[in-house]
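Colleague: What follows is data-v5.pdb, made up of PDB, C-alpha atoms and all ligand atoms:
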```
ATOM      1  CA  MET A 247     -29.310 -74.759   9.862  1.00  0.00           C
ATOM      2  CA  ALA A 248     -28.864 -75.514   6.135  1.00  0.00           C
ATOM      3  CA  ALA A 249     -27.056 -72.858   4.080  1.00  0.00           C
ATOM      4  CA  PRO A 250     -29.342 -71.310   1.466  1.00  0.00           C
ATOM      5  CA  LYS A 251     -28.332 -70.895  -2.169  1.00  0.00           C
ATOM      6  CA  ILE A 252     -28.501 -67.283  -3.303  1.00  0.00           C
ATOM      7  CA  LEU A 253     -28.813 -66.007  -6.877  1.00  0.00           C
ATOM      8  CA  ILE A 254     -27.553 -62.498  -7.719  1.00  0.00           C
ATOM      9  CA  ILE A 255     -28.888 -60.756 -10.827  1.00  0.00           C
ATOM     10  CA  PRO A 256     -27.245 -57.458 -11.847  1.00  0.00           C
ATOM     11  CA  GLY A 257     -29.511 -55.284 -13.988  1.00  0.00           C
ATOM     12  CA  SER A 258     -26.749 -53.764 -16.131  1.00  0.00           C
ATOM     13  CA  LEU A 259     -24.774 -55.130 -19.079  1.00  0.00           C
ATOM     14  CA  ARG A 260     -22.349 -52.191 -19.190  1.00  0.00           C
ATOM     15  CA  SER A 261     -18.620 -52.845 -18.854  1.00  0.00           C
ATOM     16  CA  GLY A 262     -17.468 -51.116 -15.684  1.00  0.00           C
ATOM     17  CA  SER A 263     -21.045 -51.129 -14.349  1.00  0.00           C
ATOM     18  CA  HIS A 264     -21.414 -49.799 -10.786  1.00  0.00           C
ATOM     19  CA  ASN A 265     -24.228 -52.294 -10.265  1.00  0.00           C
ATOM     20  CA  VAL A 266     -22.163 -55.258 -11.422  1.00  0.00           C
ATOM     21  CA  LYS A 267     -19.449 -54.129  -8.980  1.00  0.00           C
ATOM     22  CA  LEU A 268     -22.037 -53.977  -6.205  1.00  0.00           C
ATOM     23  CA  ALA A 269     -23.268 -57.452  -7.193  1.00  0.00           C
ATOM     24  CA  MET A 270     -19.647 -58.677  -6.986  1.00  0.00           C
ATOM     25  CA  ALA A 271     -19.228 -57.105  -3.547  1.00  0.00           C
ATOM     26  CA  ALA A 272     -22.451 -58.793  -2.416  1.00  0.00           C
ATOM     27  CA  ALA A 273     -21.309 -62.152  -3.816  1.00  0.00           C
ATOM     28  CA  TYR A 274     -18.117 -61.806  -1.782  1.00  0.00           C
ATOM     29  CA  GLU A 275     -20.124 -61.128   1.406  1.00  0.00           C
ATOM     30  CA  PHE A 276     -22.373 -64.145   0.797  1.00  0.00           C
ATOM     31  CA  ALA A 277     -19.322 -66.343   0.218  1.00  0.00           C
ATOM     32  CA  GLN A 278     -17.778 -65.031   3.464  1.00  0.00           C
ATOM     33  CA  ALA A 279     -20.959 -66.196   5.224  1.00  0.00           C
ATOM     34  CA  ASP A 280     -20.459 -69.693   3.727  1.00  0.00           C
ATOM     35  CA  VAL A 281     -23.435 -69.290   1.452  1.00  0.00           C
ATOM     36  CA  ASP A 282     -23.497 -70.912  -1.962  1.00  0.00           C
ATOM     37  CA  VAL A 283     -23.846 -67.921  -4.294  1.00  0.00           C
ATOM     38  CA  THR A 284     -24.387 -67.669  -8.064  1.00  0.00           C
ATOM     39  CA  ARG A 285     -23.914 -64.344  -9.873  1.00  0.00           C
ATOM     40  CA  ILE A 286     -25.167 -64.241 -13.424  1.00  0.00           C
ATOM     41  CA  SER A 287     -25.114 -61.720 -16.261  1.00  0.00           C
ATOM     42  CA  LEU A 288     -28.363 -61.060 -18.092  1.00  0.00           C
ATOM     43  CA  GLY A 289     -26.130 -60.796 -21.176  1.00  0.00           C
ATOM     44  CA  ASP A 290     -26.026 -64.595 -21.087  1.00  0.00           C
ATOM     45  CA  PHE A 291     -29.846 -64.709 -21.251  1.00  0.00           C
ATOM     46  CA  PRO A 292     -30.778 -62.342 -24.086  1.00  0.00           C
ATOM     47  CA  LEU A 293     -34.538 -61.882 -24.485  1.00  0.00           C
ATOM     48  CA  PRO A 294     -36.640 -59.975 -27.017  1.00  0.00           C
ATOM     49  CA  ILE A 295     -38.912 -57.215 -25.741  1.00  0.00           C
ATOM     50  CA  TYR A 296     -42.055 -58.931 -24.458  1.00  0.00           C
ATOM     51  CA  ASP A 297     -44.715 -59.258 -27.140  1.00  0.00           C
ATOM     52  CA  GLY A 298     -47.858 -61.326 -26.644  1.00  0.00           C
ATOM     53  CA  ASP A 299     -47.988 -62.191 -30.352  1.00  0.00           C
ATOM     54  CA  LEU A 300     -44.429 -63.511 -30.179  1.00  0.00           C
ATOM     55  CA  GLN A 301     -45.339 -65.628 -27.161  1.00  0.00           C
ATOM     56  CA  ALA A 302     -48.476 -66.931 -28.914  1.00  0.00           C
ATOM     57  CA  ARG A 303     -46.455 -67.766 -32.017  1.00  0.00           C
ATOM     58  CA  SER A 304     -43.272 -69.209 -30.529  1.00  0.00           C
ATOM     59  CA  GLY A 305     -43.921 -69.703 -26.807  1.00  0.00           C
ATOM     60  CA  VAL A 306     -41.750 -68.317 -24.019  1.00  0.00           C
ATOM     61  CA  PRO A 307     -38.065 -68.081 -25.086  1.00  0.00           C
ATOM     62  CA  LYS A 308     -35.738 -70.759 -23.742  1.00  0.00           C
ATOM     63  CA  ASN A 309     -33.651 -68.104 -21.960  1.00  0.00           C
ATOM     64  CA  ALA A 310     -36.664 -67.010 -19.891  1.00  0.00           C
ATOM     65  CA  ILE A 311     -37.407 -70.628 -19.004  1.00  0.00           C
ATOM     66  CA  ASN A 312     -33.761 -71.211 -18.054  1.00  0.00           C
ATOM     67  CA  LEU A 313     -33.657 -68.051 -15.938  1.00  0.00           C
ATOM     68  CA  LYS A 314     -36.888 -68.957 -14.175  1.00  0.00           C
ATOM     69  CA  ARG A 315     -35.561 -72.462 -13.443  1.00  0.00           C
ATOM     70  CA  MET A 316     -32.302 -70.993 -12.194  1.00  0.00           C
ATOM     71  CA  MET A 317     -34.314 -68.797  -9.821  1.00  0.00           C
ATOM     72  CA  GLY A 318     -36.261 -71.900  -8.803  1.00  0.00           C
ATOM     73  CA  SER A 319     -33.079 -73.747  -7.878  1.00  0.00           C
ATOM     74  CA  HIS A 320     -32.018 -71.006  -5.425  1.00  0.00           C
ATOM     75  CA  HIS A 321     -33.480 -70.094  -2.026  1.00  0.00           C
ATOM     76  CA  GLY A 322     -33.128 -66.324  -2.272  1.00  0.00           C
ATOM     77  CA  VAL A 323     -32.565 -63.750  -5.004  1.00  0.00           C
ATOM     78  CA  LEU A 324     -30.755 -60.404  -4.947  1.00  0.00           C
ATOM     79  CA  ILE A 325     -31.454 -58.006  -7.828  1.00  0.00           C
ATOM     80  CA  VAL A 326     -29.003 -55.114  -8.206  1.00  0.00           C
ATOM     81  CA  THR A 327     -30.514 -52.513 -10.485  1.00  0.00           C
ATOM     82  CA  PRO A 328     -29.449 -49.238 -12.089  1.00  0.00           C
ATOM     83  CA  GLU A 329     -31.928 -46.348 -12.077  1.00  0.00           C
ATOM     84  CA  TYR A 330     -33.061 -45.103 -15.483  1.00  0.00           C
ATOM     85  CA  ASN A 331     -35.362 -42.083 -15.568  1.00  0.00           C
ATOM     86  CA  SER A 332     -36.463 -42.664 -11.980  1.00  0.00           C
ATOM     87  CA  SER A 333     -37.349 -46.307 -12.522  1.00  0.00           C
ATOM     88  CA  VAL A 334     -35.875 -49.691 -13.385  1.00  0.00           C
ATOM     89  CA  PRO A 335     -34.152 -50.168 -16.768  1.00  0.00           C
ATOM     90  CA  ALA A 336     -36.120 -51.935 -19.491  1.00  0.00           C
ATOM     91  CA  LEU A 337     -33.687 -54.849 -19.165  1.00  0.00           C
ATOM     92  CA  VAL A 338     -34.825 -55.550 -15.607  1.00  0.00           C
ATOM     93  CA  LYS A 339     -38.543 -55.054 -16.246  1.00  0.00           C
ATOM     94  CA  ASN A 340     -38.493 -57.080 -19.483  1.00  0.00           C
ATOM     95  CA  THR A 341     -36.668 -59.941 -17.783  1.00  0.00           C
ATOM     96  CA  ILE A 342     -39.223 -60.032 -14.967  1.00  0.00           C
ATOM     97  CA  ASP A 343     -42.096 -59.791 -17.468  1.00  0.00           C
ATOM     98  CA  TRP A 344     -40.858 -62.837 -19.374  1.00  0.00           C
ATOM     99  CA  ILE A 345     -40.184 -64.835 -16.209  1.00  0.00           C
ATOM    100  CA  THR A 346     -43.769 -64.243 -15.061  1.00  0.00           C
ATOM    101  CA  ARG A 347     -44.910 -65.912 -18.321  1.00  0.00           C
ATOM    102  CA  VAL A 348     -43.071 -69.170 -17.506  1.00  0.00           C
ATOM    103  CA  GLN A 349     -45.177 -71.905 -15.976  1.00  0.00           C
ATOM    104  CA  ASP A 350     -43.650 -75.323 -15.493  1.00  0.00           C
ATOM    105  CA  SER A 351     -46.142 -78.184 -15.494  1.00  0.00           C
ATOM    106  CA  HIS A 352     -46.060 -78.963 -11.772  1.00  0.00           C
ATOM    107  CA  GLU A 353     -46.395 -75.301 -10.724  1.00  0.00           C
ATOM    108  CA  THR A 354     -48.838 -72.425 -10.606  1.00  0.00           C
ATOM    109  CA  ARG A 355     -47.781 -69.354 -12.575  1.00  0.00           C
ATOM    110  CA  GLY A 356     -45.590 -67.034 -10.549  1.00  0.00           C
ATOM    111  CA  GLN A 357     -44.787 -69.664  -7.936  1.00  0.00           C
ATOM    112  CA  VAL A 358     -41.092 -68.964  -8.349  1.00  0.00           C
ATOM    113  CA  PHE A 359     -41.654 -65.440  -6.965  1.00  0.00           C
ATOM    114  CA  ARG A 360     -43.811 -66.558  -4.044  1.00  0.00           C
ATOM    115  CA  GLU A 361     -41.648 -69.301  -2.634  1.00  0.00           C
ATOM    116  CA  LYS A 362     -38.449 -67.391  -1.847  1.00  0.00           C
ATOM    117  CA  PRO A 363     -37.390 -63.970  -0.542  1.00  0.00           C
ATOM    118  CA  PHE A 364     -35.984 -61.215  -2.746  1.00  0.00           C
ATOM    119  CA  ALA A 365     -33.549 -58.465  -1.824  1.00  0.00           C
ATOM    120  CA  ILE A 366     -32.990 -55.326  -3.870  1.00  0.00           C
ATOM    121  CA  ALA A 367     -30.045 -52.970  -4.237  1.00  0.00           C
ATOM    122  CA  ALA A 368     -29.098 -50.137  -6.571  1.00  0.00           C
ATOM    123  CA  ALA A 369     -26.015 -48.085  -7.386  1.00  0.00           C
ATOM    124  CA  SER A 370     -26.019 -44.676  -9.018  1.00  0.00           C
ATOM    125  CA  GLN A 371     -23.708 -41.685  -9.282  1.00  0.00           C
ATOM    126  CA  SER A 372     -26.427 -39.496  -7.816  1.00  0.00           C
ATOM    127  CA  ARG A 373     -27.014 -38.591  -4.186  1.00  0.00           C
ATOM    128  CA  LEU A 374     -30.223 -40.668  -4.103  1.00  0.00           C
ATOM    129  CA  GLY A 375     -28.363 -43.821  -5.138  1.00  0.00           C
ATOM    130  CA  GLY A 376     -31.176 -45.267  -7.199  1.00  0.00           C
ATOM    131  CA  THR A 377     -33.828 -45.018  -4.479  1.00  0.00           C
ATOM    132  CA  ARG A 378     -36.613 -44.465  -7.013  1.00  0.00           C
ATOM    133  CA  ALA A 379     -35.580 -47.545  -8.999  1.00  0.00           C
ATOM    134  CA  LEU A 380     -35.724 -49.509  -5.748  1.00  0.00           C
ATOM    135  CA  ALA A 381     -39.255 -48.246  -5.052  1.00  0.00           C
ATOM    136  CA  ALA A 382     -40.305 -49.275  -8.563  1.00  0.00           C
ATOM    137  CA  LEU A 383     -38.623 -52.673  -8.284  1.00  0.00           C
ATOM    138  CA  ARG A 384     -40.175 -53.335  -4.874  1.00  0.00           C
ATOM    139  CA  LEU A 385     -43.601 -52.548  -6.330  1.00  0.00           C
ATOM    140  CA  ILE A 386     -43.070 -54.856  -9.336  1.00  0.00           C
ATOM    141  CA  LEU A 387     -41.834 -57.763  -7.221  1.00  0.00           C
ATOM    142  CA  THR A 388     -44.580 -57.272  -4.636  1.00  0.00           C
ATOM    143  CA  ALA A 389     -47.136 -57.357  -7.445  1.00  0.00           C
ATOM    144  CA  CYS A 390     -45.600 -60.729  -8.375  1.00  0.00           C
ATOM    145  CA  HIS A 391     -46.346 -61.794  -4.746  1.00  0.00           C
ATOM    146  CA  ALA A 392     -42.649 -61.936  -3.873  1.00  0.00           C
ATOM    147  CA  ALA A 393     -41.571 -61.339  -0.285  1.00  0.00           C
ATOM    148  CA  VAL A 394     -39.119 -58.440  -0.615  1.00  0.00           C
ATOM    149  CA  ILE A 395     -37.041 -58.105   2.554  1.00  0.00           C
ATOM    150  CA  PRO A 396     -37.233 -54.736   4.351  1.00  0.00           C
ATOM    151  CA  ASN A 397     -33.512 -53.950   4.133  1.00  0.00           C
ATOM    152  CA  GLN A 398     -32.375 -52.455   0.847  1.00  0.00           C
ATOM    153  CA  LEU A 399     -29.237 -50.701  -0.323  1.00  0.00           C
ATOM    154  CA  ALA A 400     -29.121 -47.515  -2.394  1.00  0.00           C
ATOM    155  CA  LEU A 401     -25.445 -46.829  -3.096  1.00  0.00           C
ATOM    156  CA  SER A 402     -24.978 -43.075  -3.662  1.00  0.00           C
ATOM    157  CA  PHE A 403     -22.085 -41.477  -5.541  1.00  0.00           C
ATOM    158  CA  ALA A 404     -21.232 -44.889  -6.966  1.00  0.00           C
ATOM    159  CA  ASP A 405     -18.491 -43.473  -9.219  1.00  0.00           C
ATOM    160  CA  ASP A 406     -16.460 -42.815  -6.064  1.00  0.00           C
ATOM    161  CA  ALA A 407     -17.635 -45.779  -3.948  1.00  0.00           C
ATOM    162  CA  TYR A 408     -15.091 -48.436  -4.957  1.00  0.00           C
ATOM    163  CA  ASP A 409     -11.347 -48.806  -4.543  1.00  0.00           C
ATOM    164  CA  ASP A 410      -8.887 -50.032  -7.223  1.00  0.00           C
ATOM    165  CA  MET A 411      -9.894 -53.623  -6.483  1.00  0.00           C
ATOM    166  CA  ASP A 412     -13.600 -52.765  -6.967  1.00  0.00           C
ATOM    167  CA  ARG A 413     -14.250 -53.193  -3.237  1.00  0.00           C
ATOM    168  CA  LEU A 414     -16.543 -50.774  -1.414  1.00  0.00           C
ATOM    169  CA  LYS A 415     -14.432 -48.025   0.211  1.00  0.00           C
ATOM    170  CA  ASN A 416     -16.810 -46.531   2.776  1.00  0.00           C
ATOM    171  CA  GLN A 417     -17.649 -48.290   6.020  1.00  0.00           C
ATOM    172  CA  VAL A 418     -21.233 -47.055   5.937  1.00  0.00           C
ATOM    173  CA  ASP A 419     -21.752 -48.758   2.551  1.00  0.00           C
ATOM    174  CA  ILE A 420     -20.028 -51.949   3.719  1.00  0.00           C
ATOM    175  CA  ASP A 421     -22.278 -52.059   6.799  1.00  0.00           C
ATOM    176  CA  ALA A 422     -25.401 -51.476   4.703  1.00  0.00           C
ATOM    177  CA  LEU A 423     -24.399 -54.289   2.332  1.00  0.00           C
ATOM    178  CA  ASN A 424     -23.701 -56.596   5.277  1.00  0.00           C
ATOM    179  CA  GLY A 425     -27.121 -55.826   6.755  1.00  0.00           C
ATOM    180  CA  LEU A 426     -28.794 -56.644   3.454  1.00  0.00           C
ATOM    181  CA  VAL A 427     -26.834 -59.863   2.979  1.00  0.00           C
ATOM    182  CA  ARG A 428     -27.457 -61.036   6.548  1.00  0.00           C
ATOM    183  CA  GLN A 429     -31.193 -60.377   6.326  1.00  0.00           C
ATOM    184  CA  LEU A 430     -31.541 -62.206   2.994  1.00  0.00           C
ATOM    185  CA  ILE A 431     -29.681 -65.221   4.417  1.00  0.00           C
ATOM    186  CA  GLU A 432     -31.877 -65.220   7.552  1.00  0.00           C
ATOM    187  CA  VAL A 433     -35.171 -64.977   5.661  1.00  0.00           C
ATOM    188  CA  SER A 434     -34.043 -67.543   3.057  1.00  0.00           C
ATOM    189  CA  GLN A 435     -33.202 -69.981   5.849  1.00  0.00           C
ATOM    190  CA  ARG A 436     -36.607 -69.425   7.446  1.00  0.00           C
ATOM    191  CA  MET A 437     -38.372 -70.105   4.128  1.00  0.00           C
ATOM    192  CA  LEU A 438     -36.270 -73.207   3.260  1.00  0.00           C
TER     193      LEU A 438
HETATM  194  C1  LIG B   1     -31.331 -43.657 -19.920  1.00  0.00           C
HETATM  195  C2  LIG B   1     -30.679 -43.317 -18.601  1.00  0.00           C
HETATM  196  C3  LIG B   1     -31.431 -42.763 -17.598  1.00  0.00           C
HETATM  197  C4  LIG B   1     -30.862 -42.493 -16.349  1.00  0.00           C
HETATM  198  N1  LIG B   1     -31.639 -42.008 -15.356  1.00  0.00           N
HETATM  199  C5  LIG B   1     -31.131 -41.920 -14.101  1.00  0.00           C
HETATM  200  C6  LIG B   1     -31.969 -41.580 -13.002  1.00  0.00           C
HETATM  201  O1  LIG B   1     -33.156 -41.352 -13.140  1.00  0.00           O
HETATM  202  N2  LIG B   1     -31.407 -41.531 -11.768  1.00  0.00           N
HETATM  203  C7  LIG B   1     -30.077 -41.814 -11.554  1.00  0.00           C
HETATM  204  O2  LIG B   1     -29.636 -41.775 -10.417  1.00  0.00           O
HETATM  205  N3  LIG B   1     -29.261 -42.123 -12.585  1.00  0.00           N
HETATM  206  C8  LIG B   1     -29.756 -42.189 -13.845  1.00  0.00           C
HETATM  207  N4  LIG B   1     -28.953 -42.540 -14.888  1.00  0.00           N
HETATM  208  C9  LIG B   1     -27.535 -42.748 -14.642  1.00  0.00           C
HETATM  209  C10 LIG B   1     -27.270 -44.202 -14.250  1.00  0.00           C
HETATM  210  O3  LIG B   1     -27.572 -44.380 -12.894  1.00  0.00           O
HETATM  211  C11 LIG B   1     -25.808 -44.491 -14.509  1.00  0.00           C
HETATM  212  O4  LIG B   1     -25.612 -44.491 -15.911  1.00  0.00           O
HETATM  213  C12 LIG B   1     -25.343 -45.786 -13.918  1.00  0.00           C
HETATM  214  O5  LIG B   1     -23.941 -45.848 -14.014  1.00  0.00           O
HETATM  215  C13 LIG B   1     -25.974 -46.988 -14.618  1.00  0.00           C
HETATM  216  O6  LIG B   1     -25.679 -48.161 -13.914  1.00  0.00           O
HETATM  217  P1  LIG B   1     -24.414 -49.088 -14.283  1.00  0.00           P
HETATM  218  O7  LIG B   1     -23.173 -48.335 -13.925  1.00  0.00           O
HETATM  219  O8  LIG B   1     -24.600 -50.294 -13.400  1.00  0.00           O
HETATM  220  O9  LIG B   1     -24.478 -49.428 -15.744  1.00  0.00           O
HETATM  221  C14 LIG B   1     -29.488 -42.776 -16.143  1.00  0.00           C
HETATM  222  C15 LIG B   1     -28.736 -43.345 -17.182  1.00  0.00           C
HETATM  223  C16 LIG B   1     -29.312 -43.622 -18.382  1.00  0.00           C
HETATM  224  C17 LIG B   1     -28.492 -44.258 -19.477  1.00  0.00           C
END
```
Output the file's structure as structure tokens, nothing else.

Modeller:
Amino acid sequence: MAAPKILIIPGSLRSGSHNVKLAMAAAYEFAQADVDVTRISLGDFPLPIYDGDLQARSGVPKNAINLKRMMGSHHGVLIVTPEYNSSVPALVKNTIDWITRVQDSHETRGQVFREKPFAIAAASQSRLGGTRALAALRLILTACHAAVIPNQLALSFADDAYDDMDRLKNQVDIDALNGLVRQLIEVSQRML
């Protein structure tokens, strides 16, 4: 079966981000499974806060179009999000909002969400591990008609979850990440 291409989008720009570390750990697992994986930083795709007047005046920003096309060129997407005030950070929501405004000429709007599976993960210092951000993100992506795979990973106590090499320390977290990665590969292959 053909190997799918997976895109990983961390939802934090912070240096030392627990979510970027989790995205790196996931990228390693995908690579171990011989999957072609791309991990980006949203810092390379800066976007203004969504404003309908701005879109009417200047169109959708090039960075949103590029991000949407990058999503389109992959077979599965993993979003790794922090939890801010029990939900997703503005960075994640704003990025998704802009991407939903992109419509390439040969496509229906939102096609990029419908045609591939999404996986979601979160890392937080708290016991809940970003579970509420995951619920919010699942709702947003489902509203975009994305197929969000059932497995998800909420990494608790993220400030003590990694070793000196930024690898996950605890077997239970490693197993949960493996389960997520394996399921996204499987579903991506089925939807190829
Ligand atoms: C504005 C703000 C709100 C936050 N709200 C929550 C929250 O509701 N639940 C939680 O577990 N952590 C919360 N945190 C803590 C973040 O999970 C923590 O800063 C985390 O390290 C951010 O992810 P990062 O390390 O990938 O940047 C909040 C942090 C900020 C800055």

Colleague: Write as a PDB file with C-alpha atoms, in the coordinates of the input the residues around ligand LIG 1 (chain B), taking 6 Å as the cut-off and counting only C-alpha atoms and all ligand atoms.

Modeller:
```pdb
ATOM      1  CA  SER A 258     -26.749 -53.764 -16.131  1.00  0.00           C
ATOM      2  CA  ARG A 260     -22.349 -52.191 -19.190  1.00  0.00           C
ATOM      3  CA  SER A 263     -21.045 -51.129 -14.349  1.00  0.00           C
ATOM      4  CA  HIS A 264     -21.414 -49.799 -10.786  1.00  0.00           C
ATOM      5  CA  ASN A 265     -24.228 -52.294 -10.265  1.00  0.00           C
ATOM      6  CA  VAL A 266     -22.163 -55.258 -11.422  1.00  0.00           C
ATOM      7  CA  PRO A 328     -29.449 -49.238 -12.089  1.00  0.00           C
ATOM      8  CA  GLU A 329     -31.928 -46.348 -12.077  1.00  0.00           C
ATOM      9  CA  TYR A 330     -33.061 -45.103 -15.483  1.00  0.00           C
ATOM     10  CA  ASN A 331     -35.362 -42.083 -15.568  1.00  0.00           C
ATOM     11  CA  SER A 332     -36.463 -42.664 -11.980  1.00  0.00           C
ATOM     12  CA  SER A 370     -26.019 -44.676  -9.018  1.00  0.00           C
ATOM     13  CA  GLN A 371     -23.708 -41.685  -9.282  1.00  0.00           C
ATOM     14  CA  SER A 372     -26.427 -39.496  -7.816  1.00  0.00           C
ATOM     15  CA  GLY A 375     -28.363 -43.821  -5.138  1.00  0.00           C
ATOM     16  CA  GLY A 376     -31.176 -45.267  -7.199  1.00  0.00           C
TER      17      GLY A 376
END
```

Colleague: So that I can see what lies close to Val326 (chain A), please list as JSON, numbers by chain the residues with an atom at most 6 Å from it, counting only C-alpha atoms and leaving out residues fewer than 3 positions away in the same chain.

Modeller: {"A": [256, 257, 265, 366, 367, 368]}

Colleague: Neighbours of region 420-423 of chain A within 9 Å (all atoms listed in the file; same-chain residues fewer than 3 positions away dropped), as a PyMOL selection string?

Modeller: chain A and resi 268+271-272+275+367+397-400+414-417+426-428

Colleague: By how many Å are CA of Leu337 (chain A) and CA of Gly356 (chain A) apart?

Modeller: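 Between these atoms lies a distance of 19.1 Å.
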
Colleague: Go ahead and fit an axis-aligned box to every listed atom of region 360-369 of chain A plus 5 Å each side, and pass me the centre and edge lengths in Å, one decimal, as lines of an AutoDock Vina configuration file.

Modeller:
```
center_x = -34.9
center_y = -58.7
center_z = -4.0
size_x = 27.8
size_y = 31.2
size_z = 16.8
```

Colleague: Find the residues around Glu361 (chain A) up to 10 Å (all atoms listed in the file counted), leave out those fewer than 6 positions away in its own chain, and share them as a list in words.

Modeller: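 Result of the neighbour search: Gly318, His321, Gly322, His391, Ala392, Ala393, Ser434, Met437 and Leu438 of chain A.
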
Colleague: Write the residues of the preceding selection, restricted to C-alpha atoms, as a PDB file, keeping the file's coordinate frame.

Modeller:
```
ATOM      1  CA  GLY A 318     -36.261 -71.900  -8.803  1.00  0.00           C
ATOM      2  CA  HIS A 321     -33.480 -70.094  -2.026  1.00  0.00           C
ATOM      3  CA  GLY A 322     -33.128 -66.324  -2.272  1.00  0.00           C
ATOM      4  CA  HIS A 391     -46.346 -61.794  -4.746  1.00  0.00           C
ATOM      5  CA  ALA A 392     -42.649 -61.936  -3.873  1.00  0.00           C
ATOM      6  CA  ALA A 393     -41.571 -61.339  -0.285  1.00  0.00           C
ATOM      7  CA  SER A 434     -34.043 -67.543   3.057  1.00  0.00           C
ATOM      8  CA  MET A 437     -38.372 -70.105   4.128  1.00  0.00           C
ATOM      9  CA  LEU A 438     -36.270 -73.207   3.260  1.00  0.00           C
TER      10      LEU A 438
END
```

Colleague: To verify the selection step, state as an MDAnalysis selection string which residues the PyMOL selection byres (((chain A and resi 348) around 12) and not hetatm) yields on this input.

Modeller: chainID A and resid 301 305:315 317:318 341:347 349:359

Colleague: Find the spatial neighbours of Gly262 (chain A), counting all atoms listed in the file, within a cut-off of 12 Å - ignore same-chain residues fewer than 6 positions away - and output them as a PyMOL selection string.

Modeller: chain A and resi 268+270+404-405+408+412

Colleague: So, with only C-alpha atoms as the atoms that count, which of A:Leu253, A:Val334, A:Val281, A:Ile325 lies closest to Ala379 (chain A)?

Modeller: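 So, comparing all the options, the nearest one is A:Val334.
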
Colleague: Using all atoms listed in the file for the distances, tell me which of A:Ala302, A:Ala277, A:Leu387, A:Val283 is nearest to Ile252 (chain A).

Modeller: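 Checking each of A:Ala302, A:Ala277, A:Leu387, A:Val283 against Ile252 (chain A), counting all atoms listed in the file, the winner is A:Val283.
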
Colleague: Please list, as a PyMOL selection string, the residues that have an atom at most 7 Å away from (-36.6, -51.0, -7.5) in the coordinates of this file, counting only C-alpha atoms.

Modeller: chain A and resi 327+333-334+366+378-384

Colleague: Under the rule that all atoms listed in the file are counted, which of A:His320, A:Lys339, A:Lys362, A:Arg373 is the nearest residue to Ala249 (chain A)?

Modeller: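 Answer, going by the shortest atom-to-atom distance: A:His320.
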
Colleague: Could you tell me how far CA of Ser402 (chain A) sits from CA of Val433 (chain A), in Å to one decimal place?

Modeller: 25.9 Å

Colleague: Specify as a ChimeraX atom specification each residue included when the PyMOL selection byres (((chain A and resi 287) around 10) and not hetatm) is applied to this file.

Modeller: /A:254-259,266,285-286,288-292

Colleague: Okay, now the selection with C-alpha atoms, as a JSON list (two decimals), in the coordinates of the input?

Modeller:
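Now in selection_10.json:
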```json
[["chain", "number", "residue", "atom", "x", "y", "z"],
["A", 254, "ILE", "CA", -27.55, -62.50, -7.72],
["A", 255, "ILE", "CA", -28.89, -60.76, -10.83],
["A", 256, "PRO", "CA", -27.24, -57.46, -11.85],
["A", 257, "GLY", "CA", -29.51, -55.28, -13.99],
["A", 258, "SER", "CA", -26.75, -53.76, -16.13],
["A", 259, "LEU", "CA", -24.77, -55.13, -19.08],
["A", 266, "VAL", "CA", -22.16, -55.26, -11.42],
["A", 285, "ARG", "CA", -23.91, -64.34, -9.87],
["A", 286, "ILE", "CA", -25.17, -64.24, -13.42],
["A", 288, "LEU", "CA", -28.36, -61.06, -18.09],
["A", 289, "GLY", "CA", -26.13, -60.80, -21.18],
["A", 290, "ASP", "CA", -26.03, -64.60, -21.09],
["A", 291, "PHE", "CA", -29.85, -64.71, -21.25],
["A", 292, "PRO", "CA", -30.78, -62.34, -24.09]]
```

Colleague: CA of Lys267 (chain A) to CA of Ala365 (chain A): how many Å, to one decimal?

Modeller: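 Between CA of Lys267 (chain A) and CA of Ala365 (chain A) the gap is 16.4 Å.
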
Colleague: For each of A:Ile386, A:Ile431, A:Val338, A:Leu374, take the minimum atom-to-atom distance to Leu293 (chain A), counting only C-alpha atoms, then give the residue where this is smallest.

Modeller: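 Smallest distance to Leu293 (chain A) is found for A:Val338.
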